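Q: The structure follows.
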Amino acid sequence: MRRLATLLILVMMLASCGDTSFESVVKTSAGTITVSPSDASGAAIWQGRCAACHGAAGEGNKALGAPALTQLSADYIERQLNHFATGVRGAQGSDEAGKRMALSVANLNDREIPDLVELITTELQPTQPAATVSGDAERGKDYYTNICSACHATNAQGNDVLGAPALAGANDWYLKSSYEGYLEGIRGAHPDDFYGAQMARLAPALSNGDDINDVIAFIATLPPQR
Ligand code: HEC
Ligand code: HEC
């Protein structure tokens, strides 16, 4: 626990160093101009404010609870960033991981969010994460097909029309913690979280830990696609 706390403080420091390093002075023939953080490209914002937790390639970091992002659609990422920024996600009392994320997004402006979304969905390639949750994938396949595929699609590539994110390519430990978050009312409980509420209503369909592990073990066999 102490190690994690120290690591987090280090990460916060890194993230705040990133803030100031964006402000650079550029000399032109017309004089000197200061480039503010809002002029930074998506790549610079990513490096300075996101990569320390999510990994340089967006592959996720289990020790920090920061998930892979590369399988997600632009619509979904943009909605989540706005939700973290406005307290629709991450503000619940016991949502420690969500609060860490909400802090990181708090100072992004309206131009930086689309720049980041563009970068993540075009420059960072999805990869298949290592499996860490064990379960019976065969059994999980039946549950997935009968309960989850209607919204998250047959191969778990997600469905933007229904607001359901891709699950293939997500870290299995994150699938587990976010599923439990819906079950426990940590996620999807805010009155403005239209899509989160749909998932939260559905989550009790699998409330047994073994069943959840089985579904996740099945999802982990599916290749990410975007
Ligand atoms: C201090 C570490 C930290 C930093 C820095 C950080 N994040 Fe996160 N991020 C997290 C954690 C932890 C979660 C998981 C929250 C949860 O479990 O609900 C998360 C979740 C997310 C999600 C939701 C993923 C999903 O599948 O719903 C997105 C999108 C995201 N982060 C994007 C970003 C972007 C873009 C940046 C840079 C502006 C960033 N994060 C910076 C820790 C961080
Ligand atoms: C009625 C449609 C629907 C069904 C059925 C459904 N989901 Fe979802 N799920 C959603 C929506 C919509 C979201 C996005 C909610 C949000 O924006 O926060 C979501 C989000 C999730 C997330 C969070 C992913 C992330 O990146 O943070 C997980 C995990 C998840 N669902 C797993 C499942 C599993 C496993 C099943 C089957 C047992 C299932 N869902 C069935 C609609 C559904």
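Chain labels run A, B, ... following the order of the structure tokens; each chain numbers its residues from 1, and ligands are numbered from 1 in the order shown.
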Can you tell me which residues come within 8 Å of ligand 1 when counting only C-alpha atoms and all ligand atoms, ideally as a PyMOL selection string?

A: chain A and resi 8+11-12+15+45-46+48-54+64-69+72+76-78+80-81+89-90+95-105+108+113+116-117+120+165+170+174+177-178+181+187

Q: Within 7 Å of ligand 2, which residues show up when you count only C-alpha atoms and all ligand atoms? List them as a PyMOL selection string, please.

A: chain A and resi 76+80+143-144+147-152+162-167+170+175-176+178-179+188+193+195-196+198-199+202-203+205-206+212+215-216

Q: So what do you get for CA of Asp210 (chain A) versus CA of Leu183 (chain A), distance-wise?

A: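 Separation of CA of Asp210 (chain A) and CA of Leu183 (chain A): 14.5 Å.
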
Q: So that I can check the secondary structure, give me every residue of region 37-69 of chain A assigned helix (DSSP H, G or I) by backbone DSSP, as number ranges by chain.

A: A: 37-39, 42-49, 51-54, 62-64

Q: Output N, CA and C atoms for every residue in the selection just made, as a PDB file, in the first residue's frame.

A:
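This went into selection07.pdb:
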```pdb
ATOM      1  N   PRO A  37      -0.273  25.788 -22.896  1.00  0.00           N
ATOM      2  CA  PRO A  37      -0.599  24.370 -22.999  1.00  0.00           C
ATOM      3  C   PRO A  37      -1.684  24.094 -24.035  1.00  0.00           C
ATOM      4  N   SER A  38      -2.606  25.034 -24.243  1.00  0.00           N
ATOM      5  CA  SER A  38      -3.699  24.747 -25.170  1.00  0.00           C
ATOM      6  C   SER A  38      -3.223  24.675 -26.621  1.00  0.00           C
ATOM      7  N   ASP A  39      -1.987  25.136 -26.889  1.00  0.00           N
ATOM      8  CA  ASP A  39      -1.470  25.040 -28.246  1.00  0.00           C
ATOM      9  C   ASP A  39      -0.697  23.734 -28.476  1.00  0.00           C
ATOM     10  N   GLY A  42      -1.830  16.935 -29.583  1.00  0.00           N
ATOM     11  CA  GLY A  42      -2.304  15.810 -28.790  1.00  0.00           C
ATOM     12  C   GLY A  42      -1.156  14.966 -28.269  1.00  0.00           C
ATOM     13  N   ALA A  43      -0.101  14.805 -29.092  1.00  0.00           N
ATOM     14  CA  ALA A  43       1.019  13.947 -28.679  1.00  0.00           C
ATOM     15  C   ALA A  43       1.728  14.523 -27.459  1.00  0.00           C
ATOM     16  N   ALA A  44       1.914  15.835 -27.436  1.00  0.00           N
ATOM     17  CA  ALA A  44       2.604  16.444 -26.296  1.00  0.00           C
ATOM     18  C   ALA A  44       1.744  16.347 -25.035  1.00  0.00           C
ATOM     19  N   ILE A  45       0.454  16.526 -25.186  1.00  0.00           N
ATOM     20  CA  ILE A  45      -0.431  16.417 -24.009  1.00  0.00           C
ATOM     21  C   ILE A  45      -0.416  14.979 -23.495  1.00  0.00           C
ATOM     22  N   TRP A  46      -0.473  14.048 -24.430  1.00  0.00           N
ATOM     23  CA  TRP A  46      -0.445  12.632 -24.049  1.00  0.00           C
ATOM     24  C   TRP A  46       0.827  12.320 -23.241  1.00  0.00           C
ATOM     25  N   GLN A  47       1.978  12.731 -23.797  1.00  0.00           N
ATOM     26  CA  GLN A  47       3.253  12.453 -23.124  1.00  0.00           C
ATOM     27  C   GLN A  47       3.294  13.090 -21.735  1.00  0.00           C
ATOM     28  N   GLY A  48       2.825  14.319 -21.662  1.00  0.00           N
ATOM     29  CA  GLY A  48       2.956  15.069 -20.415  1.00  0.00           C
ATOM     30  C   GLY A  48       1.930  14.706 -19.370  1.00  0.00           C
ATOM     31  N   ARG A  49       0.748  14.304 -19.782  1.00  0.00           N
ATOM     32  CA  ARG A  49      -0.330  14.177 -18.799  1.00  0.00           C
ATOM     33  C   ARG A  49      -0.991  12.810 -18.705  1.00  0.00           C
ATOM     34  N   ALA A  51       0.611   9.515 -20.324  1.00  0.00           N
ATOM     35  CA  ALA A  51       1.458   8.337 -20.531  1.00  0.00           C
ATOM     36  C   ALA A  51       2.022   7.795 -19.220  1.00  0.00           C
ATOM     37  N   ALA A  52       2.265   8.661 -18.241  1.00  0.00           N
ATOM     38  CA  ALA A  52       2.854   8.198 -16.978  1.00  0.00           C
ATOM     39  C   ALA A  52       1.983   7.121 -16.331  1.00  0.00           C
ATOM     40  N   CYS A  53       0.680   7.229 -16.459  1.00  0.00           N
ATOM     41  CA  CYS A  53      -0.202   6.203 -15.889  1.00  0.00           C
ATOM     42  C   CYS A  53      -0.615   5.151 -16.919  1.00  0.00           C
ATOM     43  N   HIS A  54      -1.029   5.589 -18.100  1.00  0.00           N
ATOM     44  CA  HIS A  54      -1.605   4.635 -19.072  1.00  0.00           C
ATOM     45  C   HIS A  54      -0.552   3.919 -19.911  1.00  0.00           C
ATOM     46  N   LYS A  62      -1.180  -1.977 -14.623  1.00  0.00           N
ATOM     47  CA  LYS A  62      -1.978  -2.620 -13.580  1.00  0.00           C
ATOM     48  C   LYS A  62      -1.690  -2.025 -12.199  1.00  0.00           C
ATOM     49  N   ALA A  63      -0.405  -1.777 -11.896  1.00  0.00           N
ATOM     50  CA  ALA A  63      -0.036  -1.287 -10.567  1.00  0.00           C
ATOM     51  C   ALA A  63      -0.727   0.039 -10.257  1.00  0.00           C
ATOM     52  N   LEU A  64      -0.990   0.828 -11.293  1.00  0.00           N
ATOM     53  CA  LEU A  64      -1.640   2.127 -11.083  1.00  0.00           C
ATOM     54  C   LEU A  64      -3.147   2.069 -11.341  1.00  0.00           C
TER      55      LEU A  64
END
```

Q: Can you pull out every residue within 10 Å of Arg139 (chain A), counting only C-alpha atoms, but drop anything in the same chain fewer than 2 positions away, and send it as a ChimeraX atom specification?

A: /A:135-137,141-144,211,213-215,217-218

Q: Report the distance between CA of Glu118 (chain A) and CA of Ala74 (chain A) in Å, rounded to one decimal place.

A: 7.2 Å

Q: Provide the CA of Ala56 (chain A) to CA of Gly169 (chain A) distance in Å, to one decimal place.

A: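 Interatomic distance here is 16.3 Å.
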
Q: DSSP on the backbone, then: every residue of region 20-205 of chain A marked strand (DSSP E), written as a PDB file with N, CA and C atoms, in the first residue's frame.

A:
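Okay, out.pdb is ready:
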```pdb
ATOM      1  N   SER A  24       6.251  27.025 -23.641  1.00  0.00           N
ATOM      2  CA  SER A  24       7.579  27.311 -24.144  1.00  0.00           C
ATOM      3  C   SER A  24       7.550  28.638 -24.890  1.00  0.00           C
ATOM      4  N   VAL A  25       8.708  29.282 -24.906  1.00  0.00           N
ATOM      5  CA  VAL A  25       8.800  30.598 -25.520  1.00  0.00           C
ATOM      6  C   VAL A  25       9.350  30.426 -26.934  1.00  0.00           C
ATOM      7  N   VAL A  26       8.676  30.965 -27.903  1.00  0.00           N
ATOM      8  CA  VAL A  26       9.113  30.834 -29.291  1.00  0.00           C
ATOM      9  C   VAL A  26       9.463  32.219 -29.828  1.00  0.00           C
ATOM     10  N   LYS A  27      10.676  32.358 -30.373  1.00  0.00           N
ATOM     11  CA  LYS A  27      11.085  33.669 -30.928  1.00  0.00           C
ATOM     12  C   LYS A  27      10.784  33.701 -32.427  1.00  0.00           C
ATOM     13  N   THR A  28      10.071  34.700 -32.861  1.00  0.00           N
ATOM     14  CA  THR A  28       9.779  34.862 -34.297  1.00  0.00           C
ATOM     15  C   THR A  28      10.283  36.237 -34.726  1.00  0.00           C
ATOM     16  N   GLY A  31       8.622  39.017 -32.997  1.00  0.00           N
ATOM     17  CA  GLY A  31       8.776  39.168 -31.542  1.00  0.00           C
ATOM     18  C   GLY A  31       8.744  37.813 -30.871  1.00  0.00           C
ATOM     19  N   THR A  32       8.530  37.839 -29.568  1.00  0.00           N
ATOM     20  CA  THR A  32       8.540  36.592 -28.802  1.00  0.00           C
ATOM     21  C   THR A  32       7.116  36.207 -28.416  1.00  0.00           C
ATOM     22  N   ILE A  33       6.741  34.942 -28.677  1.00  0.00           N
ATOM     23  CA  ILE A  33       5.404  34.520 -28.239  1.00  0.00           C
ATOM     24  C   ILE A  33       5.531  33.333 -27.285  1.00  0.00           C
ATOM     25  N   THR A  34       4.597  33.253 -26.369  1.00  0.00           N
ATOM     26  CA  THR A  34       4.590  32.123 -25.448  1.00  0.00           C
ATOM     27  C   THR A  34       3.538  31.131 -25.920  1.00  0.00           C
ATOM     28  N   VAL A  35       3.970  29.877 -26.070  1.00  0.00           N
ATOM     29  CA  VAL A  35       3.026  28.839 -26.488  1.00  0.00           C
ATOM     30  C   VAL A  35       2.415  28.246 -25.224  1.00  0.00           C
TER      31      VAL A  35
END
```

Q: Can you work out which one of A:Ser73, A:Gly209, A:Asn82, A:Arg201 has the shortest atom-to-atom distance to Ala189 (chain A), counting only C-alpha atoms?

A: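 Of A:Ser73, A:Gly209, A:Asn82, A:Arg201, the one nearest Ala189 (chain A), counting only C-alpha atoms, is A:Arg201.
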